[in-house]
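Novice: Pasting final36.txt below, which is compact mmCIF, C-alpha atoms.
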```txt
# COMPACT_ATOMS: atom_id res chain seq x y z
CA MET W 1 0.00 0.00 0.00
CA PRO W 2 1.34 3.50 -0.75
CA ALA W 3 2.45 5.78 2.04
CA TRP W 4 -0.68 7.89 1.59
CA SER W 5 -4.04 7.38 -0.03
CA PHE W 6 -7.30 9.14 -0.79
CA LYS W 7 -8.77 7.49 2.29
CA HIS W 8 -6.40 9.30 4.61
CA PHE W 9 -7.29 12.85 3.56
CA SER W 10 -10.00 14.90 5.19
CA LEU W 11 -13.01 15.61 2.98
CA PRO W 12 -11.98 19.15 1.87
CA ARG W 13 -8.41 18.05 1.04
CA ARG W 14 -9.68 15.05 -0.86
CA ARG W 15 -11.96 17.23 -2.97
CA LEU W 16 -9.09 19.55 -3.80
CA LEU W 17 -6.93 16.61 -4.82
CA VAL W 18 -9.48 15.07 -7.15
CA GLY W 19 -10.66 18.41 -8.49
CA GLY W 20 -7.14 19.46 -9.48
CA LEU W 21 -6.22 16.51 -11.69
CA GLY W 22 -7.68 17.71 -14.97
CA ALA W 23 -4.29 18.60 -16.47
CA LEU W 24 -3.15 15.01 -16.14
CA GLY W 25 -5.49 13.78 -18.83
CA ALA W 26 -7.50 10.58 -18.54
CA SER W 27 -4.53 8.24 -18.96
CA GLY W 28 -2.49 10.07 -16.35
CA LEU W 29 -5.48 10.16 -14.03
CA ALA W 30 -6.00 6.42 -14.34
CA ALA W 31 -2.34 5.82 -13.56
CA LEU W 32 -2.49 8.09 -10.52
CA CYS W 33 -5.67 6.42 -9.27
CA HIS W 34 -4.02 3.02 -9.43
CA ALA W 35 -0.91 4.36 -7.70
CA GLN W 36 -2.73 6.17 -4.91
CA GLY W 37 -5.76 3.95 -4.32
CA ILE W 38 -6.28 2.45 -0.87
CA GLU W 39 -5.73 -1.03 -2.28
CA ALA W 40 -4.15 -2.32 -5.48
CA THR W 41 -3.96 -5.69 -7.21
CA GLU W 42 -2.62 -6.72 -10.58
CA ASN W 43 -6.00 -6.15 -12.25
CA HIS W 44 -7.76 -3.40 -10.27
CA SER W 45 -7.47 -0.69 -7.65
CA VAL W 46 -9.82 0.39 -4.87
CA LEU W 47 -10.54 4.06 -4.14
CA GLU W 48 -12.82 5.75 -1.63
CA PHE W 49 -14.45 9.18 -1.81
CA ASP W 50 -16.54 10.99 0.79
CA TRP W 51 -18.81 12.96 -1.47
CA LEU W 52 -21.33 15.46 -0.18
CA ASP W 53 -24.56 16.32 -1.98
CA ALA W 54 -24.59 20.02 -1.13
CA GLU W 55 -28.19 20.48 -2.29
CA ARG W 56 -29.43 17.96 0.28
CA GLN W 57 -26.57 18.41 2.76
CA ARG W 58 -26.28 14.64 2.70
CA PRO W 59 -23.03 12.67 2.68
CA VAL W 60 -22.68 10.02 -0.02
CA PRO W 61 -19.58 7.95 0.75
CA VAL W 62 -18.55 5.59 -2.06
CA ARG W 63 -15.98 2.92 -2.79
CA LEU W 64 -14.84 2.46 -6.39
CA TYR W 65 -13.30 -0.73 -7.74
CA LEU W 66 -11.49 0.43 -10.88
CA PRO W 67 -10.10 -1.97 -13.52
CA ARG W 68 -6.53 -1.34 -14.58
CA GLN W 69 -7.45 -1.28 -18.27
CA ALA W 70 -9.82 1.69 -17.80
CA SER W 71 -8.71 4.60 -19.98
CA ALA W 72 -10.10 7.33 -22.19
CA SER W 73 -9.55 5.12 -25.23
CA GLN W 74 -11.05 2.12 -23.45
CA PRO W 75 -13.78 3.32 -21.05
CA VAL W 76 -15.30 0.52 -19.02
CA PRO W 77 -18.88 -0.38 -18.06
CA LEU W 78 -20.02 0.63 -14.57
CA VAL W 79 -21.96 -1.31 -11.96
CA MET W 80 -23.51 0.88 -9.27
CA PHE W 81 -24.22 -1.15 -6.12
CA SER W 82 -26.66 -0.32 -3.31
CA HIS W 83 -26.36 -2.13 0.04
CA GLY W 84 -29.11 -3.48 2.28
CA ILE W 85 -30.20 -1.94 5.59
CA GLY W 86 -27.24 -1.75 7.94
CA GLY W 87 -24.61 -2.07 5.21
CA SER W 88 -21.81 0.16 3.99
CA ARG W 89 -19.71 0.98 0.94
CA ARG W 90 -17.19 -1.66 2.00
CA GLY W 91 -19.68 -4.51 1.88
CA TYR W 92 -20.19 -6.94 -1.01
CA SER W 93 -16.50 -6.68 -1.78
CA TYR W 94 -16.48 -10.23 -3.18
CA LEU W 95 -18.58 -8.85 -6.04
CA GLY W 96 -16.82 -5.50 -6.45
CA ARG W 97 -13.38 -7.08 -6.69
CA HIS W 98 -14.54 -9.76 -9.09
CA TRP W 99 -16.37 -7.35 -11.38
CA ALA W 100 -13.35 -5.04 -11.50
CA GLY W 101 -11.14 -8.02 -12.31
CA ALA W 102 -13.52 -8.82 -15.16
CA GLY W 103 -13.18 -5.30 -16.56
CA PHE W 104 -16.15 -3.43 -15.02
CA ALA W 105 -15.87 -0.48 -12.66
CA SER W 106 -17.94 -1.10 -9.54
CA LEU W 107 -19.20 1.88 -7.52
CA HIS W 108 -20.50 0.89 -4.08
CA LEU W 109 -22.64 3.51 -2.35
CA GLN W 110 -23.23 4.03 1.36
CA HIS W 111 -26.69 5.34 2.23
CA ALA W 112 -26.41 7.55 5.29
CA GLY W 113 -29.98 7.06 6.55
CA SER W 114 -29.96 3.26 6.41
CA ASP W 115 -26.31 2.25 6.68
CA ARG W 116 -24.39 0.48 9.48
CA SER W 117 -25.25 3.28 11.90
CA VAL W 118 -28.71 1.69 12.15
CA TRP W 119 -27.13 -1.05 14.28
CA THR W 120 -24.75 1.14 16.29
CA ALA W 121 -26.35 4.57 16.79
CA GLY W 122 -28.19 4.46 20.09
CA ASN W 123 -29.06 1.63 22.43
CA VAL W 124 -30.57 -1.75 21.63
CA PHE W 125 -34.00 -0.70 22.89
CA SER W 126 -34.37 1.84 20.08
CA LEU W 127 -33.23 -0.58 17.35
CA VAL W 128 -36.74 -1.32 16.08
CA SER W 129 -37.56 2.37 15.71
CA ARG W 130 -34.26 2.97 13.88
CA LEU W 131 -35.00 0.12 11.47
CA GLN W 132 -38.52 1.42 10.88
CA ALA W 133 -37.18 4.92 10.21
CA ALA W 134 -34.66 3.51 7.73
CA ALA W 135 -37.46 1.85 5.76
CA GLN W 136 -39.66 4.94 5.38
CA ASP W 137 -40.57 6.48 2.02
CA THR W 138 -38.31 9.43 2.67
CA GLU W 139 -35.27 7.17 3.00
CA ALA W 140 -36.25 5.11 -0.05
CA LEU W 141 -36.33 8.33 -2.11
CA ALA W 142 -33.09 9.56 -0.51
CA ARG W 143 -31.40 6.35 -1.63
CA VAL W 144 -32.53 6.90 -5.23
CA LYS W 145 -31.20 10.46 -5.05
CA ASP W 146 -27.92 9.07 -3.67
CA GLY W 147 -27.68 6.91 -6.78
CA ARG W 148 -28.40 9.77 -9.16
CA PHE W 149 -25.93 12.03 -7.38
CA ALA W 150 -23.23 9.35 -7.44
CA LEU W 151 -23.69 8.81 -11.18
CA ASP W 152 -23.54 12.57 -11.75
CA GLN W 153 -20.33 12.77 -9.74
CA ILE W 154 -18.53 9.91 -11.40
CA LEU W 155 -19.56 10.85 -14.94
CA SER W 156 -19.03 14.60 -14.74
CA GLY W 157 -15.71 14.50 -12.91
CA GLU W 158 -12.25 13.57 -14.19
CA LEU W 159 -12.95 9.88 -13.61
CA GLY W 160 -15.85 10.16 -16.07
CA ALA W 161 -13.46 9.73 -19.00
CA LEU W 162 -12.77 6.20 -17.76
CA ILE W 163 -16.46 5.18 -17.65
CA ASP W 164 -18.72 4.34 -20.59
CA PRO W 165 -21.94 6.30 -19.88
CA GLU W 166 -23.92 4.06 -22.24
CA ARG W 167 -23.09 0.88 -20.29
CA ILE W 168 -24.30 1.37 -16.73
CA ILE W 169 -26.05 -1.27 -14.67
CA ALA W 170 -27.66 -0.90 -11.23
CA ALA W 171 -27.34 -3.66 -8.65
CA GLY W 172 -28.34 -4.12 -5.04
CA HIS W 173 -29.13 -6.54 -2.24
CA SER W 174 -32.26 -6.51 -0.06
CA TYR W 175 -33.26 -2.86 0.49
CA GLY W 176 -30.61 -2.04 -2.10
CA ALA W 177 -32.49 -4.26 -4.55
CA ASN W 178 -35.55 -2.05 -3.99
CA THR W 179 -33.37 0.99 -4.70
CA THR W 180 -32.19 -0.70 -7.89
CA LEU W 181 -35.75 -1.42 -9.01
CA LEU W 182 -36.86 2.16 -8.32
CA MET W 183 -34.00 3.48 -10.44
CA SER W 184 -34.96 0.97 -13.14
CA GLY W 185 -38.59 2.08 -13.45
CA ALA W 186 -40.59 0.80 -10.47
CA GLN W 187 -43.34 3.18 -9.49
CA VAL W 188 -45.28 3.58 -6.26
CA GLN W 189 -48.43 5.48 -5.45
CA ARG W 190 -48.67 7.86 -2.52
CA ASP W 191 -51.73 9.98 -1.74
CA GLY W 192 -53.17 9.09 -5.13
CA VAL W 193 -50.08 10.30 -7.00
CA ILE W 194 -47.87 7.96 -9.05
CA GLN W 195 -44.24 8.47 -8.16
CA GLN W 196 -41.51 7.19 -10.47
CA TRP W 197 -37.79 7.83 -10.14
CA ARG W 198 -36.34 5.96 -13.09
CA ASP W 199 -32.84 6.97 -14.16
CA GLN W 200 -32.53 6.64 -17.93
CA ARG W 201 -28.81 5.95 -17.63
CA ILE W 202 -29.54 2.53 -16.12
CA LYS W 203 -29.50 -0.06 -18.92
CA ALA W 204 -29.98 -3.26 -16.86
CA SER W 205 -30.28 -4.38 -13.25
CA ILE W 206 -29.11 -7.08 -10.85
CA VAL W 207 -31.72 -7.67 -8.14
CA ILE W 208 -30.55 -9.79 -5.19
CA SER W 209 -33.05 -10.78 -2.48
CA ALA W 210 -35.56 -7.98 -3.13
CA PRO W 211 -38.24 -7.56 -0.44
CA PRO W 212 -41.73 -6.43 -1.44
CA PHE W 213 -42.48 -2.73 -1.64
CA TYR W 214 -43.98 -2.22 1.79
CA GLY W 215 -47.45 -0.69 1.88
CA GLU W 216 -48.11 -1.31 -1.81
CA GLY W 217 -50.86 -3.63 -2.98
CA SER W 218 -49.97 -4.90 -6.44
CA PRO W 219 -46.38 -5.85 -7.29
CA ALA W 220 -47.34 -6.07 -10.97
CA ARG W 221 -48.51 -2.45 -11.00
CA ILE W 222 -45.36 -1.30 -9.20
CA LEU W 223 -42.96 -3.20 -11.43
CA HIS W 224 -44.72 -3.13 -14.80
CA ASP W 225 -42.48 -0.34 -16.10
CA VAL W 226 -39.21 -2.11 -15.24
CA GLN W 227 -38.42 -2.95 -18.85
CA ALA W 228 -34.63 -3.21 -19.00
CA PRO W 229 -33.02 -6.67 -18.73
CA SER W 230 -32.80 -7.85 -15.13
CA LEU W 231 -31.16 -10.70 -13.23
CA HIS W 232 -32.87 -11.84 -10.03
CA ILE W 233 -30.98 -13.93 -7.47
CA THR W 234 -32.40 -15.52 -4.32
CA ALA W 235 -32.53 -18.79 -2.35
CA THR W 236 -35.23 -21.08 -1.00
CA GLU W 237 -34.35 -19.97 2.56
CA ASP W 238 -33.92 -16.30 1.65
CA VAL W 239 -36.09 -15.18 4.56
CA ILE W 240 -35.82 -11.66 5.99
CA ARG W 241 -36.11 -11.54 9.76
CA VAL W 242 -35.22 -8.27 11.42
CA PRO W 243 -36.86 -6.71 14.48
CA GLY W 244 -40.31 -5.54 13.45
CA TYR W 245 -40.21 -7.02 9.94
CA PHE W 246 -40.63 -10.41 8.25
CA SER W 247 -40.57 -11.35 4.57
CA ALA W 248 -40.89 -14.91 3.26
CA ALA W 249 -38.63 -16.30 0.54
CA SER W 250 -41.64 -16.47 -1.79
CA ASP W 251 -41.68 -12.66 -1.87
CA ARG W 252 -38.50 -12.72 -3.99
CA ILE W 253 -40.24 -14.86 -6.60
CA GLU W 254 -43.26 -12.57 -6.57
CA ILE W 255 -40.98 -9.61 -7.34
CA PHE W 256 -39.43 -11.51 -10.27
CA ASN W 257 -42.82 -12.49 -11.67
CA ALA W 258 -44.13 -8.92 -11.40
CA VAL W 259 -41.30 -7.24 -13.34
CA GLY W 260 -42.79 -6.09 -16.63
CA SER W 261 -39.92 -6.94 -18.95
CA ALA W 262 -39.77 -10.32 -20.63
CA HIS W 263 -35.98 -9.97 -20.64
CA LYS W 264 -35.37 -11.26 -17.14
CA MET W 265 -33.51 -14.13 -15.51
CA LEU W 266 -34.03 -15.93 -12.19
CA ALA W 267 -31.60 -18.05 -10.17
CA VAL W 268 -32.82 -19.67 -6.94
CA PHE W 269 -30.25 -21.48 -4.83
CA ALA W 270 -31.31 -24.40 -2.64
CA GLY W 271 -31.19 -23.59 1.07
CA GLY W 272 -29.02 -20.66 2.07
CA SER W 273 -30.08 -17.50 3.88
CA HIS W 274 -30.78 -13.83 3.23
CA SER W 275 -27.36 -12.69 4.45
CA MET W 276 -25.53 -15.33 2.41
CA PHE W 277 -25.20 -12.77 -0.39
CA THR W 278 -23.27 -10.31 1.80
CA ASP W 279 -19.56 -10.63 2.62
CA ARG W 280 -20.40 -12.71 5.69
CA ALA W 281 -18.83 -16.17 5.61
CA GLY W 282 -20.64 -19.26 6.82
CA THR W 283 -24.17 -17.88 6.92
CA GLY W 284 -26.50 -20.13 4.92
CA GLY W 285 -24.12 -23.07 5.39
CA ALA W 286 -20.35 -23.31 5.71
CA LEU W 287 -20.10 -25.34 2.50
CA LEU W 288 -22.90 -23.66 0.56
CA ASN W 289 -21.87 -20.07 1.27
CA PRO W 290 -18.63 -20.03 -0.77
CA GLN W 291 -20.25 -22.07 -3.54
CA VAL W 292 -23.10 -19.56 -3.86
CA LYS W 293 -20.67 -16.64 -3.85
CA ALA W 294 -18.64 -18.25 -6.65
CA ALA W 295 -21.79 -19.02 -8.63
CA THR W 296 -23.13 -15.48 -8.10
CA ARG W 297 -19.87 -13.94 -9.25
CA GLU W 298 -19.90 -16.00 -12.45
CA LEU W 299 -23.58 -15.47 -13.20
CA THR W 300 -23.58 -11.72 -12.62
CA THR W 301 -20.43 -11.26 -14.69
CA ALA W 302 -21.84 -13.18 -17.65
CA PHE W 303 -25.13 -11.27 -17.33
CA ILE W 304 -23.35 -7.90 -17.35
CA ARG W 305 -21.35 -8.85 -20.41
CA GLN W 306 -24.44 -10.09 -22.24
CA ALA W 307 -26.80 -7.27 -21.21
CA LEU W 308 -24.40 -4.37 -21.72
CA MET W 309 -21.98 -5.65 -24.33
CA LYS W 310 -24.01 -8.24 -26.30
CA ASP W 311 -21.09 -10.60 -25.82
CA GLY W 312 -21.64 -13.85 -27.73
CA GLU W 313 -19.26 -15.75 -25.47
CA ALA W 314 -21.21 -14.53 -22.44
CA ALA W 315 -24.42 -15.87 -23.96
CA GLY W 316 -22.81 -19.29 -24.07
CA GLU W 317 -21.69 -18.95 -20.46
CA LEU W 318 -25.23 -18.09 -19.41
CA GLU W 319 -26.49 -21.22 -21.14
CA ARG W 320 -23.88 -23.45 -19.46
CA TRP W 321 -24.12 -21.87 -16.02
CA PRO W 322 -27.23 -23.71 -14.72
CA GLN W 323 -25.71 -27.08 -15.54
CA ARG W 324 -22.43 -26.11 -13.91
CA TYR W 325 -24.22 -25.27 -10.66
CA ALA W 326 -27.15 -27.68 -10.89
CA ALA W 327 -26.21 -29.31 -7.57
CA ILE W 328 -26.98 -26.12 -5.62
CA LEU W 329 -29.82 -24.75 -7.77
CA ALA W 330 -33.48 -25.15 -6.92
CA ARG W 331 -34.78 -23.19 -9.90
CA PHE W 332 -33.45 -21.35 -12.92
CA VAL W 333 -35.27 -19.27 -15.54
CA PRO W 334 -33.00 -18.23 -18.44
CA LEU W 335 -32.64 -14.76 -19.84
CA GLN W 336 -34.84 -14.38 -22.91
CA LEU W 337 -32.98 -11.95 -25.11
CA PRO W 338 -33.22 -12.02 -28.92
CA GLY W 339 -31.24 -15.01 -30.11
CA SER W 340 -30.99 -16.48 -26.60
CA THR W 341 -32.10 -20.06 -26.02
CA GLY W 342 -31.00 -20.74 -22.48
CA ALA W 343 -31.62 -23.66 -20.18
CA ARG W 344 -34.34 -24.13 -17.63
CA VAL W 345 -33.83 -26.00 -14.37
CA ASN W 346 -36.76 -26.97 -12.15
CA SER W 347 -38.83 -24.07 -13.45
```
Now that the file is in, can you turn its structure into structure tokens?
Specialist:
Amino acid sequence: MPAWSFKHFSLPRRRLLVGGLGALGASGLAALCHAQGIEATENHSVLEFDWLDAERQRPVPVRLYLPRQASASQPVPLVMFSHGIGGSRRGYSYLGRHWAGAGFASLHLQHAGSDRSVWTAGNVFSLVSRLQAAAQDTEALARVKDGRFALDQILSGELGALIDPERIIAAGHSYGANTTLLMSGAQVQRDGVIQQWRDQRIKASIVISAPPFYGEGSPARILHDVQAPSLHITATEDVIRVPGYFSAASDRIEIFNAVGSAHKMLAVFAGGSHSMFTDRAGTGGALLNPQVKAATRELTTAFIRQALMKDGEAAGELERWPQRYAAILARFVPLQLPGSTGARVNS
């Protein structure tokens, strides 16, 4: 690790540093990012930024996994990831690192109103009220605005030259999956008014363990306008149990069925748990957990390549994937894109 990094600067200094790099050019900027990131491997670097949305006076901390091949002449696709309640920008690193190694930038947001502070701010007796506050409409909208702000920041700043603005995919787990669906076209009704917060820059979505939209009656009405290709991942024991809230595993399937687009894919692992898709090891089964993580990495990577890049080789990988992981799959519905045949397991 270098002697200093972006992580070690205070917020004002860090802004000055990033804001003063324009003269380097995109290639020089990429080189500096890789040299000064908080972590570096042979195929990617990790950077962190503590952005502030001045209009809302809301912090938007992010972690960026940046492929080494990113350059102005070779801008890379971007995955924007939204965590579940109680998460942070440093979670789901098994996905961020893998996607960056595969050639995609991965921008992991931290949502200030529903991040890890939910578990730590205050005493245990107020935990239920903190969880309920994190799941309110105001926070759901704030998360969507976090996503829009983060895309604006990454695309309009110096790093924007390294990102292909026409190949952006939204992804999220649990509450972050709801955020992803809202940015992909889901609409809710409040006080008789339809509210939709779709971001047109989102070309596809990865939806992991999505809970139902609380307080809404018809999932089909909410999700009818989600028309971009989507990959849905869950497990037969993907049950959400947090103080004051319960959601059965069948809710994940209902979300998948309700999405309006025909261009959608479903993978259901046998057994497991809701938190199996986080960085936590062992949850959902000491043997199953790493197998599901490996399978999820492969499936999401092939989906990104197919959905954003129309990669013929990726289409073949998507067709072979369910047979490769048949031993841990309970159900698989292939992606129906033009020219895609796919395989169906226990569907």
Novice: Can you work out which one of W:Ala150, W:Leu107, W:Ala314, W:Ile202 has the shortest atom-to-atom distance to Leu95 (chain W), counting only C-alpha atoms?
Specialist: W:Leu107
Novice: Could you state the separation of CA of Ile206 (chain W) and CA of Ala228 (chain W) in Å, given to one decimal place?
Specialist: 10.6 Å
Novice: Contacts of Arg297 (chain W) at 12 Å or less, counting only C-alpha atoms, minus same-chain residues fewer than 5 places along, as number ranges by chain?
Specialist: W: 92-102, 206, 233, 277, 290-292, 302-304, 321
Novice: At what distance in Å, to one decimal, does CA of Gly260 (chain W) lie from CA of Phe149 (chain W)?
Specialist: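 According to the coordinates, CA of Phe149 (chain W) and CA of Gly260 (chain W) are separated by 26.4 Å.
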Novice: Please check which residues have atoms at most 6 Å from (-31.2, 1.7, -11.1) in the file's coordinates, counting all atoms listed in the file, and write them as a PyMOL selection string.
Specialist: chain W and resi 170+180-181+183-184+202
Novice: Fewer than 5 positions away in the same chain doesn't count, so skip those; otherwise give me all residues within 12 Å of Ile194 (chain W), counting only C-alpha atoms, as a PyMOL selection string.
Specialist: chain W and resi 185-189+216+221-222
Novice: Kindly give the distance, in Å, that separates CA of Ile169 (chain W) and CA of Ser106 (chain W), rounded to a single decimal.
Specialist: 9.6 Å
Novice: So that each row is one residue of region 148-243 of chain W with an atom at most 9 Å from region 305-311 of chain W, can you give its shortest atom pair and the distance in Å to one decimal, using only C-alpha atoms, rows by chain and rising number, as a Markdown table?
Specialist:
```
| residue | atom | partner | partner_atom | distance |
| --- | --- | --- | --- | --- |
| W:Glu166 | CA | W:Leu308 | CA | 8.5 |
| W:Arg167 | CA | W:Leu308 | CA | 5.6 |
| W:Ile168 | CA | W:Leu308 | CA | 7.6 |
| W:Ile169 | CA | W:Leu308 | CA | 7.9 |
| W:Lys203 | CA | W:Leu308 | CA | 7.2 |
| W:Ala204 | CA | W:Ala307 | CA | 6.7 |
| W:Pro229 | CA | W:Ala307 | CA | 6.7 |
| W:Ser230 | CA | W:Ala307 | CA | 8.6 |
```
Novice: Can you build me a table of region 286-347 of chain W residues sitting at most 6 Å from region 263-273 of chain W, with the closest atom pair per residue and its distance in Å to one decimal, using only C-alpha atoms, sorted by chain and residue number, as CSV?
Specialist:
```
residue,atom,partner,partner_atom,distance
W:Ile328,CA,W:Ala270,CA,5.5
W:Leu329,CA,W:Phe269,CA,4.4
W:Ala330,CA,W:Ala270,CA,4.9
W:Arg331,CA,W:Val268,CA,5.0
W:Phe332,CA,W:Ala267,CA,4.7
W:Val333,CA,W:Leu266,CA,4.9
W:Pro334,CA,W:Met265,CA,5.1
W:Leu335,CA,W:Met265,CA,4.5
W:Gln336,CA,W:His263,CA,5.1
W:Leu337,CA,W:His263,CA,5.7
```
Novice: Measuring between only C-alpha atoms, which one of W:Leu151, W:Met276, W:Ala54, W:Leu47 shows the shortest distance to Ala294 (chain W)?
Specialist: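 Nearest candidate to Ala294 (chain W) out of W:Leu151, W:Met276, W:Ala54, W:Leu47: W:Met276.
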Novice: Any chance you could model N, CA and C atoms for region 259-275 of chain W and send them as a PDB file, in the frame of the given file?
Specialist:
```
ATOM      1  N   VAL W 259     -42.067  -8.133 -12.465  1.00  0.00           N
ATOM      2  CA  VAL W 259     -41.300  -7.240 -13.340  1.00  0.00           C
ATOM      3  C   VAL W 259     -41.847  -7.307 -14.752  1.00  0.00           C
ATOM      4  N   GLY W 260     -42.091  -6.150 -15.358  1.00  0.00           N
ATOM      5  CA  GLY W 260     -42.790  -6.090 -16.630  1.00  0.00           C
ATOM      6  C   GLY W 260     -42.022  -6.623 -17.822  1.00  0.00           C
ATOM      7  N   SER W 261     -40.714  -6.517 -17.802  1.00  0.00           N
ATOM      8  CA  SER W 261     -39.920  -6.940 -18.950  1.00  0.00           C
ATOM      9  C   SER W 261     -39.910  -8.454 -19.111  1.00  0.00           C
ATOM     10  N   ALA W 262     -39.935  -8.902 -20.358  1.00  0.00           N
ATOM     11  CA  ALA W 262     -39.770 -10.320 -20.630  1.00  0.00           C
ATOM     12  C   ALA W 262     -38.297 -10.719 -20.595  1.00  0.00           C
ATOM     13  N   HIS W 263     -37.429  -9.727 -20.606  1.00  0.00           N
ATOM     14  CA  HIS W 263     -35.980  -9.970 -20.640  1.00  0.00           C
ATOM     15  C   HIS W 263     -35.445 -10.033 -19.212  1.00  0.00           C
ATOM     16  N   LYS W 264     -35.774 -11.124 -18.529  1.00  0.00           N
ATOM     17  CA  LYS W 264     -35.370 -11.260 -17.140  1.00  0.00           C
ATOM     18  C   LYS W 264     -34.949 -12.707 -16.858  1.00  0.00           C
ATOM     19  N   MET W 265     -34.087 -12.851 -15.857  1.00  0.00           N
ATOM     20  CA  MET W 265     -33.510 -14.130 -15.510  1.00  0.00           C
ATOM     21  C   MET W 265     -33.660 -14.346 -14.007  1.00  0.00           C
ATOM     22  N   LEU W 266     -33.866 -15.601 -13.608  1.00  0.00           N
ATOM     23  CA  LEU W 266     -34.030 -15.930 -12.190  1.00  0.00           C
ATOM     24  C   LEU W 266     -33.138 -17.109 -11.821  1.00  0.00           C
ATOM     25  N   ALA W 267     -32.376 -16.957 -10.738  1.00  0.00           N
ATOM     26  CA  ALA W 267     -31.600 -18.050 -10.170  1.00  0.00           C
ATOM     27  C   ALA W 267     -31.977 -18.193  -8.707  1.00  0.00           C
ATOM     28  N   VAL W 268     -32.433 -19.386  -8.328  1.00  0.00           N
ATOM     29  CA  VAL W 268     -32.820 -19.670  -6.940  1.00  0.00           C
ATOM     30  C   VAL W 268     -31.926 -20.785  -6.420  1.00  0.00           C
ATOM     31  N   PHE W 269     -31.113 -20.462  -5.431  1.00  0.00           N
ATOM     32  CA  PHE W 269     -30.250 -21.480  -4.830  1.00  0.00           C
ATOM     33  C   PHE W 269     -31.035 -22.280  -3.798  1.00  0.00           C
ATOM     34  N   ALA W 270     -30.647 -23.517  -3.603  1.00  0.00           N
ATOM     35  CA  ALA W 270     -31.310 -24.400  -2.640  1.00  0.00           C
ATOM     36  C   ALA W 270     -30.742 -24.169  -1.251  1.00  0.00           C
ATOM     37  N   GLY W 271     -31.630 -23.839  -0.298  1.00  0.00           N
ATOM     38  CA  GLY W 271     -31.190 -23.590   1.070  1.00  0.00           C
ATOM     39  C   GLY W 271     -30.738 -22.158   1.241  1.00  0.00           C
ATOM     40  N   GLY W 272     -29.607 -21.986   1.928  1.00  0.00           N
ATOM     41  CA  GLY W 272     -29.020 -20.660   2.070  1.00  0.00           C
ATOM     42  C   GLY W 272     -29.675 -19.792   3.120  1.00  0.00           C
ATOM     43  N   SER W 273     -29.520 -18.490   2.958  1.00  0.00           N
ATOM     44  CA  SER W 273     -30.080 -17.500   3.880  1.00  0.00           C
ATOM     45  C   SER W 273     -30.078 -16.146   3.193  1.00  0.00           C
ATOM     46  N   HIS W 274     -30.727 -15.172   3.818  1.00  0.00           N
ATOM     47  CA  HIS W 274     -30.780 -13.830   3.230  1.00  0.00           C
ATOM     48  C   HIS W 274     -29.402 -13.157   3.244  1.00  0.00           C
ATOM     49  N   SER W 275     -28.660 -13.351   4.322  1.00  0.00           N
ATOM     50  CA  SER W 275     -27.360 -12.690   4.450  1.00  0.00           C
ATOM     51  C   SER W 275     -26.229 -13.435   3.754  1.00  0.00           C
TER      52      SER W 275
END
```
